[in-house]
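A.B. asks: File model22.pdb follows (PDB, C-alpha atoms, pLDDT in the B column):
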```pdb
MODEL        1
ATOM      1  CA  MET A   1       7.618  -6.866 -47.414  1.00 40.00           C
ATOM      2  CA  SER A   2       8.823  -3.628 -45.981  1.00 41.00           C
ATOM      3  CA  ASP A   3      10.260  -3.409 -42.497  1.00 46.00           C
ATOM      4  CA  LEU A   4       7.881  -2.881 -39.622  1.00 46.00           C
ATOM      5  CA  ASP A   5       8.296   0.577 -38.130  1.00 49.00           C
ATOM      6  CA  VAL A   6       8.374  -0.242 -34.411  1.00 47.00           C
ATOM      7  CA  SER A   7       8.237   3.460 -33.529  1.00 47.00           C
ATOM      8  CA  LYS A   8       4.841   3.814 -35.237  1.00 59.00           C
ATOM      9  CA  ASN A   9       1.706   3.610 -33.148  1.00 61.00           C
ATOM     10  CA  TYR A  10      -0.318   1.078 -35.158  1.00 69.00           C
ATOM     11  CA  SER A  11      -4.095   0.782 -34.793  1.00 81.00           C
ATOM     12  CA  ILE A  12      -4.199  -3.008 -35.014  1.00 85.00           C
ATOM     13  CA  THR A  13      -2.023  -5.097 -32.710  1.00 81.00           C
ATOM     14  CA  SER A  14      -1.840  -8.824 -32.203  1.00 83.00           C
ATOM     15  CA  TYR A  15      -3.128  -8.285 -28.670  1.00 84.00           C
ATOM     16  CA  MET A  16      -6.471  -7.078 -30.063  1.00 90.00           C
ATOM     17  CA  ILE A  17      -6.742 -10.150 -32.255  1.00 94.00           C
ATOM     18  CA  ARG A  18      -5.788 -12.452 -29.382  1.00 93.00           C
ATOM     19  CA  GLU A  19      -8.536 -10.932 -27.216  1.00 94.00           C
ATOM     20  CA  ASP A  20     -11.166 -11.664 -29.882  1.00 95.00           C
ATOM     21  CA  LEU A  21      -9.982 -15.278 -29.949  1.00 95.00           C
ATOM     22  CA  THR A  22      -9.958 -15.447 -26.153  1.00 93.00           C
ATOM     23  CA  LEU A  23     -13.563 -14.238 -26.059  1.00 94.00           C
ATOM     24  CA  ALA A  24     -14.545 -16.717 -28.778  1.00 94.00           C
ATOM     25  CA  LYS A  25     -12.941 -19.597 -26.895  1.00 92.00           C
ATOM     26  CA  ALA A  26     -14.468 -18.577 -23.556  1.00 90.00           C
ATOM     27  CA  THR A  27     -17.895 -18.382 -25.199  1.00 90.00           C
ATOM     28  CA  PHE A  28     -17.427 -21.696 -27.022  1.00 88.00           C
ATOM     29  CA  TYR A  29     -16.426 -23.805 -24.043  1.00 84.00           C
ATOM     30  CA  ARG A  30     -18.420 -24.279 -20.873  1.00 77.00           C
ATOM     31  CA  GLU A  31     -17.268 -25.985 -17.708  1.00 69.00           C
ATOM     32  CA  ASN A  32     -19.784 -28.070 -15.831  1.00 67.00           C
ATOM     33  CA  THR A  33     -19.240 -29.692 -12.498  1.00 67.00           C
ATOM     34  CA  ILE A  34     -20.611 -33.220 -12.372  1.00 71.00           C
ATOM     35  CA  GLY A  35     -20.088 -34.559  -8.887  1.00 73.00           C
ATOM     36  CA  SER A  36     -16.443 -33.856  -8.157  1.00 74.00           C
ATOM     37  CA  ARG A  37     -15.411 -33.774 -11.835  1.00 74.00           C
ATOM     38  CA  VAL A  38     -15.153 -30.676 -13.995  1.00 68.00           C
ATOM     39  CA  VAL A  39     -16.199 -31.433 -17.554  1.00 65.00           C
ATOM     40  CA  THR A  40     -15.531 -29.004 -20.387  1.00 70.00           C
ATOM     41  CA  GLU A  41     -18.185 -29.069 -23.079  1.00 73.00           C
ATOM     42  CA  LEU A  42     -18.610 -27.275 -26.363  1.00 74.00           C
ATOM     43  CA  GLN A  43     -21.571 -24.932 -26.310  1.00 77.00           C
ATOM     44  CA  ASP A  44     -24.396 -25.858 -28.612  1.00 83.00           C
ATOM     45  CA  ASN A  45     -26.908 -23.084 -28.038  1.00 87.00           C
ATOM     46  CA  PRO A  46     -27.467 -20.668 -30.938  1.00 90.00           C
ATOM     47  CA  CYS A  47     -26.763 -17.546 -28.867  1.00 90.00           C
ATOM     48  CA  SER A  48     -23.315 -18.713 -27.741  1.00 90.00           C
ATOM     49  CA  LEU A  49     -22.412 -20.001 -31.192  1.00 92.00           C
ATOM     50  CA  SER A  50     -23.441 -16.665 -32.722  1.00 94.00           C
ATOM     51  CA  TYR A  51     -20.995 -14.858 -30.456  1.00 94.00           C
ATOM     52  CA  VAL A  52     -18.253 -17.358 -31.274  1.00 94.00           C
ATOM     53  CA  GLY A  53     -18.846 -16.549 -34.959  1.00 96.00           C
ATOM     54  CA  TYR A  54     -18.792 -12.813 -34.277  1.00 97.00           C
ATOM     55  CA  PHE A  55     -15.521 -12.871 -32.324  1.00 97.00           C
ATOM     56  CA  CYS A  56     -13.828 -15.173 -34.860  1.00 97.00           C
ATOM     57  CA  GLY A  57     -14.936 -12.917 -37.717  1.00 98.00           C
ATOM     58  CA  GLN A  58     -13.493  -9.933 -35.836  1.00 97.00           C
ATOM     59  CA  ALA A  59     -10.187 -11.750 -35.355  1.00 97.00           C
ATOM     60  CA  ILE A  60      -9.964 -12.529 -39.080  1.00 98.00           C
ATOM     61  CA  GLU A  61     -10.878  -8.969 -40.069  1.00 97.00           C
ATOM     62  CA  LYS A  62      -8.308  -7.475 -37.684  1.00 97.00           C
ATOM     63  CA  SER A  63      -5.643  -9.914 -38.859  1.00 97.00           C
ATOM     64  CA  LEU A  64      -6.132  -8.811 -42.459  1.00 97.00           C
ATOM     65  CA  LYS A  65      -6.084  -5.169 -41.395  1.00 96.00           C
ATOM     66  CA  TYR A  66      -2.871  -5.844 -39.469  1.00 94.00           C
ATOM     67  CA  TYR A  67      -1.130  -6.782 -42.741  1.00 95.00           C
ATOM     68  CA  ILE A  68      -2.621  -3.865 -44.656  1.00 96.00           C
ATOM     69  CA  GLU A  69      -1.704  -1.248 -42.071  1.00 92.00           C
ATOM     70  CA  ARG A  70       1.901  -2.422 -41.921  1.00 89.00           C
ATOM     71  CA  TYR A  71       2.694  -3.578 -45.448  1.00 92.00           C
ATOM     72  CA  ASN A  72       0.283  -1.648 -47.670  1.00 93.00           C
ATOM     73  CA  PRO A  73      -0.002   1.668 -45.780  1.00 91.00           C
ATOM     74  CA  THR A  74      -1.016   3.629 -48.879  1.00 93.00           C
ATOM     75  CA  SER A  75      -4.254   1.604 -48.925  1.00 95.00           C
ATOM     76  CA  TRP A  76      -4.868   1.782 -45.170  1.00 93.00           C
ATOM     77  CA  ASP A  77      -7.108   4.864 -45.202  1.00 92.00           C
ATOM     78  CA  LYS A  78      -9.245   3.350 -47.984  1.00 94.00           C
ATOM     79  CA  VAL A  79      -9.991   0.130 -46.103  1.00 95.00           C
ATOM     80  CA  ARG A  80      -9.590   0.845 -42.393  1.00 92.00           C
ATOM     81  CA  TYR A  81     -13.356   1.121 -41.848  1.00 94.00           C
ATOM     82  CA  THR A  82     -14.477  -1.640 -44.195  1.00 95.00           C
ATOM     83  CA  HIS A  83     -15.699  -4.968 -42.869  1.00 95.00           C
ATOM     84  CA  ASP A  84     -15.752  -6.661 -46.285  1.00 97.00           C
ATOM     85  CA  ILE A  85     -13.388  -9.620 -46.077  1.00 98.00           C
ATOM     86  CA  ASP A  86     -13.077  -9.933 -49.865  1.00 97.00           C
ATOM     87  CA  THR A  87     -11.953  -6.291 -50.159  1.00 98.00           C
ATOM     88  CA  LEU A  88      -9.472  -6.793 -47.325  1.00 98.00           C
ATOM     89  CA  LEU A  89      -8.106  -9.968 -48.972  1.00 98.00           C
ATOM     90  CA  ASP A  90      -7.626  -8.100 -52.268  1.00 97.00           C
ATOM     91  CA  THR A  91      -5.765  -5.329 -50.453  1.00 97.00           C
ATOM     92  CA  VAL A  92      -3.498  -7.772 -48.610  1.00 97.00           C
ATOM     93  CA  GLU A  93      -2.857  -9.548 -51.907  1.00 96.00           C
ATOM     94  CA  GLU A  94      -1.426  -6.287 -53.320  1.00 96.00           C
ATOM     95  CA  CYS A  95       1.455  -6.452 -50.839  1.00 93.00           C
ATOM     96  CA  ARG A  96       1.637 -10.216 -50.225  1.00 94.00           C
ATOM     97  CA  ARG A  97       1.250 -12.017 -53.521  1.00 95.00           C
ATOM     98  CA  GLY A  98      -0.258 -15.461 -53.055  1.00 96.00           C
ATOM     99  CA  PHE A  99      -1.932 -14.604 -49.734  1.00 97.00           C
ATOM    100  CA  ARG A 100      -5.415 -15.373 -51.082  1.00 96.00           C
ATOM    101  CA  ASN A 101      -4.290 -18.802 -52.327  1.00 97.00           C
ATOM    102  CA  GLU A 102      -2.495 -19.545 -49.055  1.00 97.00           C
ATOM    103  CA  HIS A 103      -5.717 -18.747 -47.196  1.00 97.00           C
ATOM    104  CA  GLU A 104      -8.212 -20.419 -49.479  1.00 97.00           C
ATOM    105  CA  ASP A 105     -10.513 -21.217 -46.556  1.00 97.00           C
ATOM    106  CA  ILE A 106     -10.907 -17.483 -45.912  1.00 98.00           C
ATOM    107  CA  ALA A 107     -11.231 -16.613 -49.606  1.00 97.00           C
ATOM    108  CA  VAL A 108     -13.903 -19.246 -50.266  1.00 97.00           C
ATOM    109  CA  ASN A 109     -15.854 -18.197 -47.177  1.00 97.00           C
ATOM    110  CA  SER A 110     -15.213 -14.428 -47.398  1.00 96.00           C
ATOM    111  CA  ARG A 111     -18.872 -13.497 -47.801  1.00 97.00           C
ATOM    112  CA  ALA A 112     -19.959 -15.637 -44.832  1.00 96.00           C
ATOM    113  CA  ILE A 113     -17.091 -14.292 -42.700  1.00 97.00           C
ATOM    114  CA  THR A 114     -18.082 -10.729 -43.609  1.00 96.00           C
ATOM    115  CA  TYR A 115     -21.576 -11.366 -42.278  1.00 95.00           C
ATOM    116  CA  THR A 116     -20.379 -12.762 -38.945  1.00 96.00           C
ATOM    117  CA  LYS A 117     -20.485  -9.125 -37.797  1.00 94.00           C
ATOM    118  CA  ASN A 118     -24.285  -9.485 -37.703  1.00 94.00           C
ATOM    119  CA  MET A 119     -24.124 -12.532 -35.453  1.00 94.00           C
ATOM    120  CA  ARG A 120     -23.783 -10.307 -32.389  1.00 92.00           C
ATOM    121  CA  TYR A 121     -27.412  -9.336 -33.025  1.00 93.00           C
ATOM    122  CA  LEU A 122     -28.459 -13.004 -33.364  1.00 91.00           C
ATOM    123  CA  VAL A 123     -29.464 -12.474 -36.994  1.00 91.00           C
ATOM    124  CA  SER A 124     -27.772 -15.780 -37.849  1.00 91.00           C
ATOM    125  CA  THR A 125     -25.754 -18.444 -36.089  1.00 92.00           C
ATOM    126  CA  LEU A 126     -23.421 -21.388 -36.659  1.00 93.00           C
ATOM    127  CA  ASP A 127     -23.580 -25.017 -35.741  1.00 93.00           C
ATOM    128  CA  LYS A 128     -20.809 -26.434 -33.510  1.00 91.00           C
ATOM    129  CA  GLU A 129     -18.820 -27.764 -36.448  1.00 93.00           C
ATOM    130  CA  GLY A 130     -18.983 -24.434 -38.268  1.00 95.00           C
ATOM    131  CA  ALA A 131     -17.969 -22.529 -35.146  1.00 94.00           C
ATOM    132  CA  TYR A 132     -15.038 -24.873 -34.553  1.00 93.00           C
ATOM    133  CA  TYR A 133     -13.945 -24.579 -38.203  1.00 96.00           C
ATOM    134  CA  LEU A 134     -14.113 -20.774 -38.109  1.00 97.00           C
ATOM    135  CA  PHE A 135     -12.260 -20.655 -34.785  1.00 96.00           C
ATOM    136  CA  ASN A 136      -9.410 -22.717 -36.259  1.00 96.00           C
ATOM    137  CA  ILE A 137      -9.202 -20.469 -39.333  1.00 97.00           C
ATOM    138  CA  ALA A 138      -9.037 -17.368 -37.118  1.00 97.00           C
ATOM    139  CA  ARG A 139      -6.510 -18.942 -34.732  1.00 97.00           C
ATOM    140  CA  SER A 140      -4.248 -20.050 -37.592  1.00 97.00           C
ATOM    141  CA  LEU A 141      -4.245 -16.572 -39.134  1.00 97.00           C
ATOM    142  CA  TYR A 142      -3.574 -15.015 -35.713  1.00 96.00           C
ATOM    143  CA  LYS A 143      -0.541 -17.273 -35.240  1.00 95.00           C
ATOM    144  CA  GLU A 144       0.829 -15.983 -38.554  1.00 95.00           C
ATOM    145  CA  VAL A 145       0.274 -12.380 -37.451  1.00 93.00           C
ATOM    146  CA  GLU A 146       2.005 -12.966 -34.137  1.00 89.00           C
ATOM    147  CA  LYS A 147       4.916 -14.729 -35.849  1.00 88.00           C
ATOM    148  CA  ASP A 148       5.234 -11.828 -38.281  1.00 86.00           C
ATOM    149  CA  MET A 149       5.317  -9.283 -35.477  1.00 81.00           C
ATOM    150  CA  LEU A 150       7.733 -11.348 -33.394  1.00 77.00           C
ATOM    151  CA  ASN A 151      10.069 -11.745 -36.358  1.00 76.00           C
ATOM    152  CA  GLU A 152      10.143  -8.001 -36.770  1.00 71.00           C
ATOM    153  CA  LEU A 153      10.685  -7.317 -33.085  1.00 68.00           C
ATOM    154  CA  LYS A 154      13.045 -10.293 -32.622  1.00 63.00           C
ATOM    155  CA  ASP A 155      12.107 -11.250 -29.071  1.00 55.00           C
ATOM    156  CA  ARG A 156       9.017 -11.689 -26.931  1.00 55.00           C
ATOM    157  CA  LYS A 157      10.137  -9.180 -24.290  1.00 57.00           C
ATOM    158  CA  GLY A 158      10.539  -6.495 -26.944  1.00 61.00           C
ATOM    159  CA  PHE A 159       7.139  -7.387 -28.359  1.00 62.00           C
ATOM    160  CA  SER A 160       5.416  -7.176 -24.972  1.00 65.00           C
ATOM    161  CA  GLN A 161       7.121  -3.898 -24.149  1.00 69.00           C
ATOM    162  CA  TRP A 162       6.199  -2.411 -27.522  1.00 65.00           C
ATOM    163  CA  GLU A 163       2.596  -3.569 -27.148  1.00 68.00           C
ATOM    164  CA  GLN A 164       2.345  -2.186 -23.594  1.00 69.00           C
ATOM    165  CA  GLU A 165       3.724   1.186 -24.716  1.00 70.00           C
ATOM    166  CA  HIS A 166       1.086   1.183 -27.452  1.00 66.00           C
ATOM    167  CA  TYR A 167      -1.732   0.547 -24.982  1.00 65.00           C
ATOM    168  CA  ASP A 168      -0.413   3.080 -22.496  1.00 70.00           C
ATOM    169  CA  LYS A 169      -1.235   5.730 -25.115  1.00 68.00           C
ATOM    170  CA  ILE A 170      -4.897   4.742 -25.426  1.00 67.00           C
ATOM    171  CA  GLU A 171      -7.336   7.236 -24.007  1.00 69.00           C
ATOM    172  CA  LEU A 172      -9.179   5.920 -20.970  1.00 69.00           C
ATOM    173  CA  THR A 173     -12.942   6.354 -20.921  1.00 72.00           C
ATOM    174  CA  ARG A 174     -14.154   7.190 -17.450  1.00 73.00           C
ATOM    175  CA  PHE A 175     -17.682   7.031 -16.128  1.00 76.00           C
ATOM    176  CA  LYS A 176     -18.984   9.321 -13.437  1.00 76.00           C
ATOM    177  CA  ARG A 177     -20.668   7.502 -10.629  1.00 74.00           C
ATOM    178  CA  VAL A 178     -23.911   9.067  -9.467  1.00 78.00           C
ATOM    179  CA  ARG A 179     -24.048   9.162  -5.677  1.00 75.00           C
ATOM    180  CA  ASN A 180     -27.018   7.798  -3.750  1.00 67.00           C
ATOM    181  CA  LYS A 181     -28.233   5.670  -6.638  1.00 60.00           C
ATOM    182  CA  LYS A 182     -28.719   1.936  -6.231  1.00 63.00           C
ATOM    183  CA  THR A 183     -28.003  -0.503  -9.023  1.00 59.00           C
ATOM    184  CA  GLU A 184     -30.579  -3.162  -9.794  1.00 61.00           C
ATOM    185  CA  HIS A 185     -28.456  -5.555  -7.716  1.00 59.00           C
ATOM    186  CA  GLY A 186     -28.668  -3.330  -4.649  1.00 56.00           C
ATOM    187  CA  ASP A 187     -25.035  -2.173  -4.774  1.00 54.00           C
ATOM    188  CA  ASP A 188     -24.374   1.436  -3.929  1.00 48.00           C
TER     189      ASP A 188
ENDMDL
END
```
Translate the structure of the given file into structure tokens.
C.D. replies:
Amino acid sequence: MSDLDVSKNYSITSYMIREDLTLAKATFYRENTIGSRVVTELQDNPCSLSYVGYFCGQAIEKSLKYYIERYNPTSWDKVRYTHDIDTLLDTVEECRRGFRNEHEDIAVNSRAITYTKNMRYLVSTLDKEGAYYLFNIARSLYKEVEKDMLNELKDRKGFSQWEQEHYDKIELTRFKRVRNKKTEHGDD
């Protein structure tokens, strides 16, 4: 592996991947209050499980793109807009021999993971076991990405500072508020 260029403004950061996992986890678990007890339950409705699948698929895709952007930059422009997990695995394999074998669960399920992008439209869904399995695959790969980045940056403070500097450069989208218009909730 080549050294990570910490001065470069990368497109994919571990923070982005972590947010996908955070959204998946928040969608997957529901807190219910029963009397004075708070009980955390796994969601079992198809809509919630579809979104868990979508966010986990996004985390896996971004994790693979993380490796490509940093360690196979000559291929980055060819694959940056693809969502095909098998293509991304092949491209990571070019710079990290054995990656596909180390991540057999992703390789075997690459087609299904590719199609999780459609789950946001409720075209398909997962059962609880499938959602939990996919979440663990995505979380495991994210931990490898974070470890890789931390190893390059040597300490957490440096990592956080680098990541914050990266996000400070992102263009902010602003919306103009129309005066004298009420929202459907009656706010003005």
A.B. asks: Run through the PyMOL selection byres ((chain A and resi 59-71) around 7) on the given coordinates and return the selected residues as an MDAnalysis selection string.
C.D. replies: chainID A and resid 1:2 4 12:13 17 20:21 55:58 72:73 76 83 85 88:89 91:92 95 138 141:142 145
A.B. asks: Can you pull out the residues contacting Val108 of chain A? Cut-off 12 Å, using only C-alpha atoms, and skip same-chain residues under 4 positions away; I want them as a short mmCIF file (atom, residue, chain, number, x, y, z; two decimals) with C-alpha atoms, in the frame of the given file.
C.D. replies:
```
data_model
loop_
_atom_site.label_atom_id
_atom_site.label_comp_id
_atom_site.auth_asym_id
_atom_site.auth_seq_id
_atom_site.Cartn_x
_atom_site.Cartn_y
_atom_site.Cartn_z
CA ILE A 85 -13.39 -9.62 -46.08
CA ASP A 86 -13.08 -9.93 -49.86
CA LEU A 89 -8.11 -9.97 -48.97
CA ARG A 100 -5.42 -15.37 -51.08
CA ASN A 101 -4.29 -18.80 -52.33
CA GLU A 102 -2.50 -19.55 -49.06
CA HIS A 103 -5.72 -18.75 -47.20
CA GLU A 104 -8.21 -20.42 -49.48
CA ALA A 112 -19.96 -15.64 -44.83
CA ILE A 113 -17.09 -14.29 -42.70
CA THR A 114 -18.08 -10.73 -43.61
CA ILE A 137 -9.20 -20.47 -39.33
#
```
A.B. asks: From the set A:Tyr81, A:Thr74, A:Leu23, A:Cys47, which residue has the shortest atom-to-atom contact distance to Ser11 of chain A, counting only C-alpha atoms?
C.D. replies: A:Tyr81
A.B. asks: How many Å separate atom CA of Val52 of chain A from atom CA of Arg111 of chain A?
C.D. replies: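 Atom CA of Arg111 of chain A lies at a distance of 17.0 Å from atom CA of Val52 of chain A.
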A.B. asks: Could you tell me which residues the PyMOL selection byres ((chain A and resi 123) around 12) grabs in this file, written as a PDB file with C-alpha atoms, keeping the file's coordinate frame?
C.D. replies:
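Dumped everything to selection-v9.pdb:
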```
ATOM      1  CA  PRO A  46     -27.467 -20.668 -30.938  1.00 90.00           C
ATOM      2  CA  CYS A  47     -26.763 -17.546 -28.867  1.00 90.00           C
ATOM      3  CA  LEU A  49     -22.412 -20.001 -31.192  1.00 92.00           C
ATOM      4  CA  SER A  50     -23.441 -16.665 -32.722  1.00 94.00           C
ATOM      5  CA  TYR A  51     -20.995 -14.858 -30.456  1.00 94.00           C
ATOM      6  CA  GLY A  53     -18.846 -16.549 -34.959  1.00 96.00           C
ATOM      7  CA  TYR A  54     -18.792 -12.813 -34.277  1.00 97.00           C
ATOM      8  CA  TYR A 115     -21.576 -11.366 -42.278  1.00 95.00           C
ATOM      9  CA  THR A 116     -20.379 -12.762 -38.945  1.00 96.00           C
ATOM     10  CA  LYS A 117     -20.485  -9.125 -37.797  1.00 94.00           C
ATOM     11  CA  ASN A 118     -24.285  -9.485 -37.703  1.00 94.00           C
ATOM     12  CA  MET A 119     -24.124 -12.532 -35.453  1.00 94.00           C
ATOM     13  CA  ARG A 120     -23.783 -10.307 -32.389  1.00 92.00           C
ATOM     14  CA  TYR A 121     -27.412  -9.336 -33.025  1.00 93.00           C
ATOM     15  CA  LEU A 122     -28.459 -13.004 -33.364  1.00 91.00           C
ATOM     16  CA  SER A 124     -27.772 -15.780 -37.849  1.00 91.00           C
ATOM     17  CA  THR A 125     -25.754 -18.444 -36.089  1.00 92.00           C
ATOM     18  CA  LEU A 126     -23.421 -21.388 -36.659  1.00 93.00           C
TER      19      LEU A 126
END
```
A.B. asks: Pick the closest to Ser140 of chain A from A:Ala26, A:Arg37, A:Ile106, A:Asp84: which is it, counting all atoms listed in the file?
C.D. replies: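 Among the listed residues, A:Ile106 lies closest to Ser140 of chain A.
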A.B. asks: Go through A:Glu146, A:Asp105, A:Asp127, A:Glu93 and flag the residue nearest Asp44 of chain A, using only C-alpha atoms for the distances.
C.D. replies: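 Ranked by minimum distance to Asp44 of chain A, first place goes to A:Asp127.
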A.B. asks: For a test of reading the model, state the distance in Å between atom CA of Tyr29 of chain A and atom CA of Ala131 of chain A, rounded to one decimal.
C.D. replies: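 Computing the Euclidean distance for atom CA of Tyr29 of chain A and atom CA of Ala131 of chain A yields 11.3 Å.
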A.B. asks: Could you check how far atom CA of Thr22 of chain A sits from atom CA of Tyr132 of chain A, in Å to one decimal?
C.D. replies: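 Between these atoms lies a distance of 13.6 Å.
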